[in-house]
Amino acid sequence: MVNSRHGSRKRMYWRMVSSSLIRRASRLIIAVLAIAIGATILSGLVTIYYDIPEQLGREFRSYGANLIVLPRGESKITRESMRTLRELVGDSRIVGMAPYRYQTVKINEQPYIIAGTDLDQAKNNSPFWYIEGEWGTHEDTSRVMVGHEIATTLGLNLGDSFMVQGVRYGGQAEASRQDLSAEENMRRDSARQNFHRTFTVCGIVTTGGAEEGFIFADIDMLDELIGDTFRAEVIECSVVADANELSALSGKIESDIPELMPRAVRRLTQSQDIVLGKLQALVLLVTVVVLIITMISVYTTMMAMVAERRREIALKKALGAENRLVMSELLGEGVMLGLIGGALGVYLGFEFAQRVSLNVFGRAINFQPALIPATIAVFIAITVLASIIPVRKVMDIHPAIVLKGE
Amino acid sequence: MPILELNNVSKIYGNLKALADINLSVNAGDWLSIMGPSGSGKTTMINIIGCMDTPSTGSVILDGVDISKENASSLTRIRRDKIGLIFQQFHLISYLTAVENVMVAQYYHSMPDEEEALEALAKVGLADRARHLPAQLSGGEQQRVCIARALINSPQILLGDEPTGNLDEENEGIVVDIFRRLHDEGVTIIIVTHDPEVGDVAQRKIILEHGRVIDDIDQSATFGEALKLKSKESRA
């Protein structure tokens with residue numbers, strides 16, 4: 001009986017609150033809009049706030065590898081070690097992981113260095129390289145990229161072919177004999193432990209750095225050419241991580257894969273952290289300002305609402321409503337406004353964040369499901385908080401004075 | 001047995017004495033009209049009887065309780081339990097339907113009961129207008145909703161402040177007819193009015209001037225006749 005009585009009162013309470021919201025919608029639309037705009041900016045900024053480290057981290061990866069892994073001692077890095085390294089770092093955090101093997105070769109009897117690498121991964125690591133032509137691929141290993149310096153020295157252009165010669169792994173180079181013809185010397189070289197192969201230039205690399213003095217080819221092809229298994233001299237990694245995470249990762253690599261020696265590129269990660277910190281502080285500041293503005297907006301709207309509804313409030317009090325009951329009805333309306341505005345804001349906020357992310361970072365943003373209840377709860381709290389002072393005005397309304405219209 | 005007694009009641013606002021030493025006794029089931037020119041203290045008196053104001057001096061005994069000594073919270077409770085209010089401006093809540101407006105009074109009193117609220121509206125001839133919003137009702141219909149709302153919690157006194165002040169003659173007659181039926185059922189009615197015709201249909205009439213009762217007229221002898229006349233006028 002008590003429960004049914006309580007339920008009946010509760011139903012009437014929500015009937016009054018919802019009727020007020022639905023039938024006075026045109027008057028409340030400004031309040032809902034104010035809350036929705038606040039919620040949109042808040043949820044949008046929070047989405048960006050949480051996505052910035054990821055987005056900016058990936059953006060910073062455009063500036064090259066931030067983790068260099070070397071072999072410990074005189075040995076080289078095996079494919080097994082590299083596989084373990086990849087597992088340890090985790091695929092989701094790896095932007096690029098390119099092993100490098102350097103091999104001295106001769107072109108027109110002059111020494112040059114071929115850098116054998118995973119060209120796809122190198123491309124991920126170094127999107128800032130300027131490539132005239134196109135990147136080489138694992139599929140067509142006869143096409144290689146040459147550094148701008150080599151191209152200039154050898155007069156190579158895109159599509160030109162050139163031949164490299166070198167000594168197979170474990171072999172020793174022998175000087176050419178001057179009493180023999182060039183063809184004879186080449187035949188002797190081939191017969192012993194030497195290799196030679198003709199490549200076509202598919203791209204000319206300009207970086208402004210040491211890369212301009214290398215020929216970039218597929219590492220598997222290079223291993224085959226020199227007759228050896230996978231032995232990398234260095235692995236360049238581009239990992240999505242801040243300075244602390246990178247430091248922790250280095251420690252873990254050192255302890256779990258003792259044959260490897262990780263080196264974080266601190267200058268890059270520290271710059272990333274500084275920019276990130278400043279951006280997050282900015283987002284936080286804007287969020288706080290938006291919350292305050294929303295509160296002021298809700299406060300003034302609720303003030304106007306209480307003033308506009310003085311007669312209704314006075315009537316309710318004349319009918320015997322205690323102050324707390326009338327205040328709870330107005331707060332109930334505030335809660336509903338917060339709920340509707342907050343829910344609207346979550347949706348619009350994600351759209352806002354998505355557009356910002358696409359325009360600024362060129363990437364889609366991840367939706368945070370936890371933002372739905374969080375934003376709604378925050379805006380209900382804000383609405384209730386901003387309504388407290390206006391709603392307390394109920395206590396100052398005297399039915400006898402207001403209902404008489406004095 | 002008096003249900004209401006005012007003993008030496010005065011109300012003073014600054015230098016203005018709105019009510020001066022009022023003595024009044026109203027028995028249960030009486031129909032009293034309070035008349036007087038503007039500023040005579042009618043509204044102040046009804047506010048004090050309706051527990052919306054307190055006297056500066058004197059005592060007001062309502063159903064055996066001296067309400068002049070009660071605080072605001074107690075007055076709210078007493079008003080909710082014992083008084084039914086009817087206003088000149090109707091004061092219906094614009095976003096609630098007629099039946100919901102009646103249920104609001106139930107909600108603040110005890111427990112909303114839609115069936116009971118619909119019955120109350122049927123009693124004032126608004127069964128078919130129960131789901132209409134106030135803006136969809138005529139002035140007379142709005143006042144009848146107001147009466148249904150005032151009666152829904154079975155108050156001991158029905159207080160009307162110019163209840164027919166905003167009504168045309170036809171609706172005035174309908175409302176007076178409702179008061180007559182309520183009086184027959186034993187409801188105590190106290191009405192403030194400017195309208196001599198409405199004042200004349202009551203059992204008893206007091207005239208206020210400058211905050212004092214200058215006349216207290218027993219209309220029992222003409223009570224039935226005046227009512228018949230009023231009903232006839234409204235039907236005509």
# chains A, B, ... in the order shown; residues from 1 in each chain; ligands from 1
>>> select_by_dssp(residues="segment 33-169 of chain B", states="helix (DSSP H, G or I)", output="ChimeraX atom specification")
/B:42-49,67-69,72-82,98-109,114-123,127-129,134-136,139-151,169
>>> residues_around(residues="Ile35 of chain A", least_positions_apart="4", cutoff="9 Å", atoms="only C-alpha atoms", output="list in words")
Ile30, Ala31, Ala39, Thr40, Thr294, Met295, Ser297, Val298, Leu337, Gly338, Ile340, Gly341, Gly342, Leu344, Gly345, Phe379 and Thr383 of chain A
>>> closest_atom_pairs(of="chain A", to="chain B", cutoff="10 Å", atoms="only C-alpha atoms", output="Markdown table")
| residue | atom | partner | partner_atom | distance |
| --- | --- | --- | --- | --- |
| A:Ser4 | CA | B:Met111 | CA | 9.5 |
| A:Arg5 | CA | B:Met111 | CA | 6.2 |
| A:His6 | CA | B:Met111 | CA | 8.1 |
| A:Gly7 | CA | B:Met111 | CA | 9.5 |
| A:Ser8 | CA | B:Pro112 | CA | 6.4 |
| A:Arg9 | CA | B:Met111 | CA | 6.0 |
| A:Lys10 | CA | B:Tyr107 | CA | 9.4 |
| A:Arg11 | CA | B:Pro112 | CA | 9.0 |
| A:Met12 | CA | B:Pro112 | CA | 6.9 |
| A:Tyr13 | CA | B:Tyr107 | CA | 8.2 |
| A:Arg15 | CA | B:Glu100 | CA | 8.7 |
| A:Met16 | CA | B:Leu96 | CA | 7.3 |
| A:Val17 | CA | B:Tyr95 | CA | 9.9 |
| A:Ser18 | CA | B:Tyr95 | CA | 9.7 |
| A:Ser19 | CA | B:Tyr95 | CA | 6.2 |
| A:Ser20 | CA | B:Tyr95 | CA | 5.7 |
| A:Leu21 | CA | B:Tyr95 | CA | 8.8 |
| A:Ile22 | CA | B:Tyr95 | CA | 8.5 |
| A:Arg23 | CA | B:Tyr95 | CA | 5.6 |
| A:Arg24 | CA | B:Tyr95 | CA | 6.9 |
| A:Arg309 | CA | B:Ile93 | CA | 9.7 |
| A:Arg311 | CA | B:His91 | CA | 7.6 |
| A:Glu312 | CA | B:Ile93 | CA | 6.2 |
| A:Ile313 | CA | B:Ile93 | CA | 9.5 |
| A:Ala314 | CA | B:His91 | CA | 9.5 |
| A:Leu315 | CA | B:His91 | CA | 6.8 |
| A:Lys316 | CA | B:Ala105 | CA | 8.0 |
| A:Lys317 | CA | B:Thr76 | CA | 7.4 |
| A:Ala318 | CA | B:Met52 | CA | 7.3 |
| A:Leu319 | CA | B:Arg80 | CA | 5.9 |
| A:Gly320 | CA | B:Arg80 | CA | 4.2 |
| A:Ala321 | CA | B:Tyr108 | CA | 5.3 |
| A:Glu322 | CA | B:Thr76 | CA | 6.9 |
| A:Asn323 | CA | B:Ser73 | CA | 9.0 |
| A:Leu325 | CA | B:Tyr108 | CA | 8.3 |
| A:Val326 | CA | B:Tyr108 | CA | 9.7 |
| A:His398 | CA | B:Met52 | CA | 7.9 |
| A:Pro399 | CA | B:Met52 | CA | 6.9 |
| A:Ala400 | CA | B:Met52 | CA | 5.7 |
| A:Ile401 | CA | B:Met52 | CA | 9.1 |
| A:Leu403 | CA | B:His91 | CA | 7.9 |
| A:Lys404 | CA | B:Thr43 | CA | 8.6 |
| A:Gly405 | CA | B:Gln89 | CA | 9.6 |
>>> select_by_dssp(residues="segment 135-220 of chain B", states="strand (DSSP E)", output="list in words")
Ile157, Leu158, Leu159, Gly160, Asp161, Thr188, Ile189, Ile190, Ile191, Val192, Arg204, Lys205, Ile206, Ile207, Leu208, Glu209, Arg212, Val213, Ile214, Asp215, Asp216, Ile217 and Asp218 of chain B
>>> residues_around(residues="Asp21 of chain B", least_positions_apart="6", cutoff="12 Å", atoms="only C-alpha atoms", output="list in words")
Leu6, Asn7, Asn8, Val9, Ser10, Lys11, Ile12, Gly41, Met45, Pro55, Ser56, Thr57, Gly58, Ser59, Val60, Leu208, His210, Gly211, Arg212, Val213 and Ile214 of chain B
>>> residues_around(residues="Ile372 of chain A", least_positions_apart="3", cutoff="10 Å", atoms="only C-alpha atoms", output="mmCIF file with N, CA and C atoms, in the first residue's frame")
data_model
loop_
_atom_site.group_PDB
_atom_site.id
_atom_site.type_symbol
_atom_site.label_atom_id
_atom_site.label_comp_id
_atom_site.auth_asym_id
_atom_site.auth_seq_id
_atom_site.Cartn_x
_atom_site.Cartn_y
_atom_site.Cartn_z
ATOM 1 N N SER A 43 32.422 17.226 -24.594
ATOM 2 C CA SER A 43 32.664 15.834 -24.996
ATOM 3 C C SER A 43 33.607 15.786 -26.188
ATOM 4 N N GLY A 342 22.900 16.882 -22.492
ATOM 5 C CA GLY A 342 24.118 16.062 -22.412
ATOM 6 C C GLY A 342 24.138 14.997 -23.493
ATOM 7 N N ALA A 343 22.978 14.318 -23.672
ATOM 8 C CA ALA A 343 22.907 13.244 -24.678
ATOM 9 C C ALA A 343 23.121 13.811 -26.084
ATOM 10 N N LEU A 344 22.495 14.965 -26.311
ATOM 11 C CA LEU A 344 22.646 15.624 -27.610
ATOM 12 C C LEU A 344 24.117 16.022 -27.816
ATOM 13 N N GLY A 345 24.710 16.506 -26.731
ATOM 14 C CA GLY A 345 26.103 16.955 -26.775
ATOM 15 C C GLY A 345 27.084 15.824 -27.055
ATOM 16 N N VAL A 346 26.797 14.635 -26.525
ATOM 17 C CA VAL A 346 27.697 13.495 -26.760
ATOM 18 C C VAL A 346 27.763 13.207 -28.259
ATOM 19 N N TYR A 347 26.577 13.189 -28.867
ATOM 20 C CA TYR A 347 26.519 12.882 -30.301
ATOM 21 C C TYR A 347 27.223 13.975 -31.117
ATOM 22 N N PHE A 367 35.814 6.483 -30.928
ATOM 23 C CA PHE A 367 34.728 6.882 -30.032
ATOM 24 C C PHE A 367 34.943 6.246 -28.667
ATOM 25 N N GLN A 368 34.780 7.055 -27.625
ATOM 26 C CA GLN A 368 34.935 6.544 -26.258
ATOM 27 C C GLN A 368 33.533 6.314 -25.682
ATOM 28 N N PRO A 369 33.075 5.053 -25.612
ATOM 29 C CA PRO A 369 31.707 4.796 -25.118
ATOM 30 C C PRO A 369 31.480 5.342 -23.701
ATOM 31 N N THR A 375 29.523 12.271 -19.846
ATOM 32 C CA THR A 375 29.066 13.611 -20.256
ATOM 33 C C THR A 375 27.684 13.907 -19.690
ATOM 34 N N ILE A 376 26.791 12.918 -19.796
ATOM 35 C CA ILE A 376 25.433 13.135 -19.286
ATOM 36 C C ILE A 376 25.479 13.412 -17.782
ATOM 37 N N ALA A 377 26.276 12.612 -17.069
ATOM 38 C CA ALA A 377 26.365 12.804 -15.612
ATOM 39 C C ALA A 377 26.942 14.182 -15.288
#
>>> residues_around(residues="Val234 of chain A", least_positions_apart="3", cutoff="12 Å", atoms="only C-alpha atoms", output="PDB file with C-alpha atoms, in the first residue's frame")
ATOM      1  CA  ALA A  65      62.224   6.469 -35.805  1.00  0.00           C
ATOM      2  CA  LEU A  67      63.778   3.840 -31.039  1.00  0.00           C
ATOM      3  CA  ILE A  68      67.014   2.468 -32.480  1.00  0.00           C
ATOM      4  CA  VAL A  69      67.845  -1.132 -31.663  1.00  0.00           C
ATOM      5  CA  LEU A  70      71.434  -2.312 -32.035  1.00  0.00           C
ATOM      6  CA  PRO A  71      72.991  -5.719 -31.513  1.00  0.00           C
ATOM      7  CA  ARG A  72      74.917  -6.127 -28.292  1.00  0.00           C
ATOM      8  CA  SER A  75      77.007 -10.118 -33.306  1.00  0.00           C
ATOM      9  CA  LYS A  76      74.195  -9.122 -35.675  1.00  0.00           C
ATOM     10  CA  ILE A  77      70.437  -9.098 -35.132  1.00  0.00           C
ATOM     11  CA  THR A  78      68.771 -12.346 -36.193  1.00  0.00           C
ATOM     12  CA  ARG A  79      65.301 -12.686 -37.608  1.00  0.00           C
ATOM     13  CA  SER A  81      65.412 -11.552 -32.251  1.00  0.00           C
ATOM     14  CA  MET A  82      63.511  -9.167 -34.487  1.00  0.00           C
ATOM     15  CA  MET A  97      60.060  -1.423 -37.793  1.00  0.00           C
ATOM     16  CA  ALA A  98      62.796  -1.512 -40.445  1.00  0.00           C
ATOM     17  CA  PRO A  99      65.911  -3.686 -40.144  1.00  0.00           C
ATOM     18  CA  TYR A 100      69.018  -2.462 -41.987  1.00  0.00           C
ATOM     19  CA  ARG A 101      71.926  -4.459 -43.358  1.00  0.00           C
ATOM     20  CA  TYR A 102      74.742  -2.528 -44.967  1.00  0.00           C
ATOM     21  CA  ALA A 115      71.321  -0.569 -47.373  1.00  0.00           C
ATOM     22  CA  GLY A 116      69.129  -3.653 -47.420  1.00  0.00           C
ATOM     23  CA  THR A 117      65.884  -3.035 -45.591  1.00  0.00           C
ATOM     24  CA  PHE A 230      69.153 -12.461 -42.214  1.00  0.00           C
ATOM     25  CA  ARG A 231      71.660 -10.439 -40.208  1.00  0.00           C
ATOM     26  CA  CYS A 237      61.573   1.529 -34.880  1.00  0.00           C
ATOM     27  CA  LEU A 260      69.596  -6.337 -28.261  1.00  0.00           C
ATOM     28  CA  MET A 261      70.567  -2.828 -27.168  1.00  0.00           C
ATOM     29  CA  PRO A 262      67.698  -0.308 -27.477  1.00  0.00           C
ATOM     30  CA  ARG A 263      68.356   3.423 -27.689  1.00  0.00           C
TER      31      ARG A 263
END
>>> residues_around(residues="Gln103 of chain A", least_positions_apart="2", cutoff="9 Å", atoms="only C-alpha atoms", output="ChimeraX atom specification")
/A:101,105,112-116,166,222,226
>>> decode(residues="segment 68-187 of chain B", atoms="C-alpha atoms", output="mmCIF file, in the first residue's frame")
data_model
loop_
_atom_site.group_PDB
_atom_site.id
_atom_site.type_symbol
_atom_site.label_atom_id
_atom_site.label_comp_id
_atom_site.auth_asym_id
_atom_site.auth_seq_id
_atom_site.Cartn_x
_atom_site.Cartn_y
_atom_site.Cartn_z
ATOM 1 C CA SER B 68 -1.866 32.907 14.390
ATOM 2 C CA LYS B 69 0.947 31.298 16.390
ATOM 3 C CA GLU B 70 1.985 28.764 13.771
ATOM 4 C CA ASN B 71 5.139 29.015 11.663
ATOM 5 C CA ALA B 72 5.187 29.044 7.870
ATOM 6 C CA SER B 73 5.683 25.314 7.554
ATOM 7 C CA SER B 74 2.740 24.513 9.845
ATOM 8 C CA LEU B 75 0.575 27.035 8.029
ATOM 9 C CA THR B 76 1.395 25.300 4.753
ATOM 10 C CA ARG B 77 0.333 21.972 6.241
ATOM 11 C CA ILE B 78 -2.883 23.419 7.716
ATOM 12 C CA ARG B 79 -3.712 25.150 4.421
ATOM 13 C CA ARG B 80 -3.151 21.881 2.558
ATOM 14 C CA ASP B 81 -5.372 19.897 4.935
ATOM 15 C CA LYS B 82 -8.189 22.296 5.776
ATOM 16 C CA ILE B 83 -8.511 24.995 3.093
ATOM 17 C CA GLY B 84 -9.659 24.904 -0.502
ATOM 18 C CA LEU B 85 -8.726 28.026 -2.480
ATOM 19 C CA ILE B 86 -10.516 29.560 -5.457
ATOM 20 C CA PHE B 87 -8.948 32.536 -7.237
ATOM 21 C CA GLN B 88 -10.288 35.294 -9.409
ATOM 22 C CA GLN B 89 -7.536 34.603 -11.990
ATOM 23 C CA PHE B 90 -8.132 30.810 -11.760
ATOM 24 C CA HIS B 91 -4.379 30.178 -11.556
ATOM 25 C CA LEU B 92 -4.341 26.882 -13.398
ATOM 26 C CA ILE B 93 -0.974 25.452 -14.380
ATOM 27 C CA SER B 94 -0.771 26.114 -18.097
ATOM 28 C CA TYR B 95 1.123 22.956 -19.113
ATOM 29 C CA LEU B 96 -1.136 20.547 -17.221
ATOM 30 C CA THR B 97 -4.530 19.334 -18.395
ATOM 31 C CA ALA B 98 -7.685 20.002 -16.368
ATOM 32 C CA VAL B 99 -7.501 16.623 -14.645
ATOM 33 C CA GLU B 100 -3.781 17.032 -13.974
ATOM 34 C CA ASN B 101 -4.441 20.437 -12.412
ATOM 35 C CA VAL B 102 -6.837 18.760 -10.014
ATOM 36 C CA MET B 103 -4.364 15.961 -9.341
ATOM 37 C CA VAL B 104 -1.685 18.499 -8.407
ATOM 38 C CA ALA B 105 -3.708 19.389 -5.298
ATOM 39 C CA GLN B 106 -3.976 15.673 -4.475
ATOM 40 C CA TYR B 107 -0.239 15.267 -5.020
ATOM 41 C CA TYR B 108 0.638 17.953 -2.484
ATOM 42 C CA HIS B 109 -2.025 16.727 -0.056
ATOM 43 C CA SER B 110 -1.586 12.971 -0.094
ATOM 44 C CA MET B 111 -1.803 10.710 -3.130
ATOM 45 C CA PRO B 112 -2.843 11.509 -6.709
ATOM 46 C CA ASP B 113 -5.869 9.533 -7.876
ATOM 47 C CA GLU B 114 -6.915 10.192 -11.461
ATOM 48 C CA GLU B 115 -10.321 8.514 -11.103
ATOM 49 C CA GLU B 116 -11.173 10.690 -8.146
ATOM 50 C CA ALA B 117 -9.966 13.806 -9.996
ATOM 51 C CA LEU B 118 -12.134 12.893 -12.988
ATOM 52 C CA GLU B 119 -15.130 12.488 -10.672
ATOM 53 C CA ALA B 120 -14.469 15.933 -9.194
ATOM 54 C CA LEU B 121 -14.434 17.412 -12.694
ATOM 55 C CA ALA B 122 -17.646 15.548 -13.527
ATOM 56 C CA LYS B 123 -19.278 17.139 -10.469
ATOM 57 C CA VAL B 124 -18.569 20.600 -11.890
ATOM 58 C CA GLY B 125 -19.771 19.531 -15.322
ATOM 59 C CA LEU B 126 -16.368 19.134 -16.987
ATOM 60 C CA ALA B 127 -16.158 15.378 -17.524
ATOM 61 C CA ASP B 128 -15.681 15.865 -21.260
ATOM 62 C CA ARG B 129 -13.069 18.639 -20.833
ATOM 63 C CA ALA B 130 -10.767 16.739 -18.473
ATOM 64 C CA ARG B 131 -7.957 16.248 -20.995
ATOM 65 C CA HIS B 132 -7.929 19.836 -22.197
ATOM 66 C CA LEU B 133 -5.244 22.340 -21.357
ATOM 67 C CA PRO B 134 -6.321 25.565 -19.604
ATOM 68 C CA ALA B 135 -5.779 27.543 -22.808
ATOM 69 C CA GLN B 136 -8.405 25.341 -24.468
ATOM 70 C CA LEU B 137 -11.019 26.092 -21.798
ATOM 71 C CA SER B 138 -13.316 29.103 -21.406
ATOM 72 C CA GLY B 139 -13.037 31.333 -18.341
ATOM 73 C CA GLY B 140 -16.048 29.667 -16.743
ATOM 74 C CA GLU B 141 -14.617 26.217 -17.390
ATOM 75 C CA GLN B 142 -11.278 27.237 -15.941
ATOM 76 C CA GLN B 143 -12.984 28.488 -12.803
ATOM 77 C CA ARG B 144 -14.856 25.197 -12.493
ATOM 78 C CA VAL B 145 -11.526 23.319 -12.746
ATOM 79 C CA CYS B 146 -10.291 25.642 -10.007
ATOM 80 C CA ILE B 147 -13.314 24.722 -7.857
ATOM 81 C CA ALA B 148 -12.779 20.991 -8.506
ATOM 82 C CA ARG B 149 -9.143 21.436 -7.475
ATOM 83 C CA ALA B 150 -10.148 23.301 -4.320
ATOM 84 C CA LEU B 151 -12.597 20.568 -3.344
ATOM 85 C CA ILE B 152 -10.581 17.484 -4.225
ATOM 86 C CA ASN B 153 -9.055 17.093 -0.753
ATOM 87 C CA SER B 154 -12.381 17.649 1.051
ATOM 88 C CA PRO B 155 -11.345 20.880 2.812
ATOM 89 C CA GLN B 156 -13.149 22.176 5.874
ATOM 90 C CA ILE B 157 -13.428 25.662 4.413
ATOM 91 C CA LEU B 158 -13.747 26.710 0.778
ATOM 92 C CA LEU B 159 -12.235 30.170 0.355
ATOM 93 C CA GLY B 160 -12.951 32.190 -2.759
ATOM 94 C CA ASP B 161 -11.251 35.464 -3.586
ATOM 95 C CA GLU B 162 -13.506 37.138 -6.156
ATOM 96 C CA PRO B 163 -14.359 33.735 -7.686
ATOM 97 C CA THR B 164 -16.795 35.260 -10.170
ATOM 98 C CA GLY B 165 -14.815 38.439 -10.812
ATOM 99 C CA ASN B 166 -13.628 37.309 -14.245
ATOM 100 C CA LEU B 167 -16.789 35.532 -15.370
ATOM 101 C CA ASP B 168 -19.723 36.568 -17.498
ATOM 102 C CA GLU B 169 -23.200 36.385 -16.052
ATOM 103 C CA GLU B 170 -23.931 32.900 -17.352
ATOM 104 C CA ASN B 171 -20.777 31.418 -15.888
ATOM 105 C CA GLU B 172 -21.262 33.394 -12.706
ATOM 106 C CA GLY B 173 -24.644 31.676 -12.333
ATOM 107 C CA ILE B 174 -23.087 28.248 -12.966
ATOM 108 C CA VAL B 175 -20.431 28.867 -10.303
ATOM 109 C CA VAL B 176 -22.989 30.166 -7.784
ATOM 110 C CA ASP B 177 -25.067 27.066 -8.494
ATOM 111 C CA ILE B 178 -22.051 24.889 -7.707
ATOM 112 C CA PHE B 179 -21.600 26.808 -4.426
ATOM 113 C CA ARG B 180 -25.239 26.159 -3.603
ATOM 114 C CA ARG B 181 -24.820 22.426 -4.101
ATOM 115 C CA LEU B 182 -21.664 22.438 -2.013
ATOM 116 C CA HIS B 183 -23.444 24.349 0.711
ATOM 117 C CA ASP B 184 -26.213 21.763 0.642
ATOM 118 C CA GLU B 185 -23.549 19.094 1.133
ATOM 119 C CA GLY B 186 -22.348 20.938 4.233
ATOM 120 C CA VAL B 187 -19.230 22.646 2.904
#
